[in-house]
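Asks: Below is one structure. I have some questions about it.
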Amino acid sequence: MSTHTAGAAPTRREQILKEAARLFADRGFHGVGVDEIGAAVGISGPGLYRHFPGKDAMLAELLVGISSRLLTGGRRRVAETAGPAGDVLDSLIEGHIDFALHDRALITLHDRELDRLRESDRKLVRQFQRQYVELWVEIVRRVHARLTEAEARACVHAVFGLLNSTPHLDRPGALPGRGAMAALLHRLAR
């Protein structure tokens with residue numbers, strides 16, 4: 001979920017978003033108060049209002065933000081990856097695996113709380129998601145030319161389902177080490 005530069009300390013706003021995502025994913029949007037989010041980052045609940053107008057704004061920034069970052073990251077990977085389409089697909093898979101293993105709380109949050117967003121924010125999330133899917137569909141069809149567009153789209157959604165299943169594997173010992181899990185997910189997605 002992090003948007004800060006690698007190696008840089010997260011901003012207070014990023015700390016708040018990270019803790020809000022974790023708490024919302026653990027207990028649901030309505031099960032968490034601003035005082036709890038504030039306590040998790042060492043400030044008072046009312047102190048959060050210096051950073052966000054309220055919990056709704058945090059949720060919107062989390063869900064719109066991750067959909068936007070996935071799309072932007074996917075576009076960057078397509079533009080920067082030289083070589084055959086299979087290499088581009090591998091890069092897209094790696095990017096989504098990084099998200100799925102690092103931002104598991106956001107996957108849970110999206111699944112449970114998307115309907116809590118204002119209609120305009122929900123539409124924006126869906127718009128970014130459709131564009132992200134279509135980016136993948138184009139690359140999948142380059143790799144697997146015999147697939148129809150509808151078949152490629154179904155494959156992409158199935159792969160997202162696989163990769164986004166990581167929050168359901170959080171029992172102790174359910175996930176092998178990060179590297180082993182990333183390699184397994186990559187093999188399955190490919």
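So you can find residues: chains in the structure tokens are A, B, ... in the order shown, residues in each start at 1, and ligands are numbered from 1 in order.
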Neighbouring residues of Leu92 in chain A were defined as those with any atom within 10 Å, considering only C-alpha atoms; residues of the same chain fewer than 6 positions away were excluded. Please report them as a ChimeraX atom specification.
Replies: /A:70,73-78,81,86,98,135-136,139
Asks: How close does each residue of range 52-99 of chain A get to range 28-38 of chain A, giving the shortest atom pair and distance in Å to one decimal for every residue with an atom at most 9 Å away, counting only C-alpha atoms, sorted by chain and residue number, as JSON lines?
Replies:
{"residue": "A:Gly54", "atom": "CA", "partner": "A:Val34", "partner_atom": "CA", "distance": 7.9}
{"residue": "A:Lys55", "atom": "CA", "partner": "A:Val34", "partner_atom": "CA", "distance": 7.0}
{"residue": "A:Asp56", "atom": "CA", "partner": "A:Phe29", "partner_atom": "CA", "distance": 8.9}
{"residue": "A:Leu59", "atom": "CA", "partner": "A:Phe29", "partner_atom": "CA", "distance": 8.2}
Asks: Between A:Leu169, A:Leu184, A:Pro10, A:His110, which is the closest to Ser67 in chain A once you count only C-alpha atoms?
Replies: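 For Ser67 in chain A, the nearest of the candidates is A:His110.
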Asks: A:Arg122, A:His168, A:Arg190, A:His51: which is nearest Val143 in chain A, counting only C-alpha atoms?
Replies: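 When distances to Val143 in chain A are compared using only C-alpha atoms, the smallest one comes from A:Arg190.
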Asks: Which neighbours of range 148-153 of chain A fall inside 9 Å, counting only C-alpha atoms, when residues of the same chain fewer than 4 positions from it are skipped, and could you give them as a ChimeraX atom specification?
Replies: /A:133-134,136-138,140-141,144,157-158
Asks: Would you mind writing down, as a count of residues only, each residue of range 129-168 of chain A that DSSP on the backbone assigns to helix (DSSP H, G or I)?
Replies: 33
Asks: Record the distance separating CA of Arg12 in chain A and CA of Tyr49 in chain A, expressed in Å with one decimal.
Replies: 12.2 Å
Asks: Write out as an MDAnalysis selection string the residues lying within 12 Å of Arg69 in chain A, counting only C-alpha atoms and excluding same-chain residues fewer than 4 positions away.
Replies: chainID A and resid 1:3 61:65 73:77 95:96 99 103 125 128:129 131:132
Asks: Nearest to Leu48 in chain A: which of A:Ala60, A:Ser68, A:Lys18, A:Arg13 is it, counting only C-alpha atoms?
Replies: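 Under the stated criterion, the closest residue is A:Arg13.
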Asks: As an exercise, work out the distance from CA of Pro167 in chain A to CA of Pro53 in chain A in Å and give it to one decimal place.
Replies: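 These two atoms are separated by 28.7 Å.
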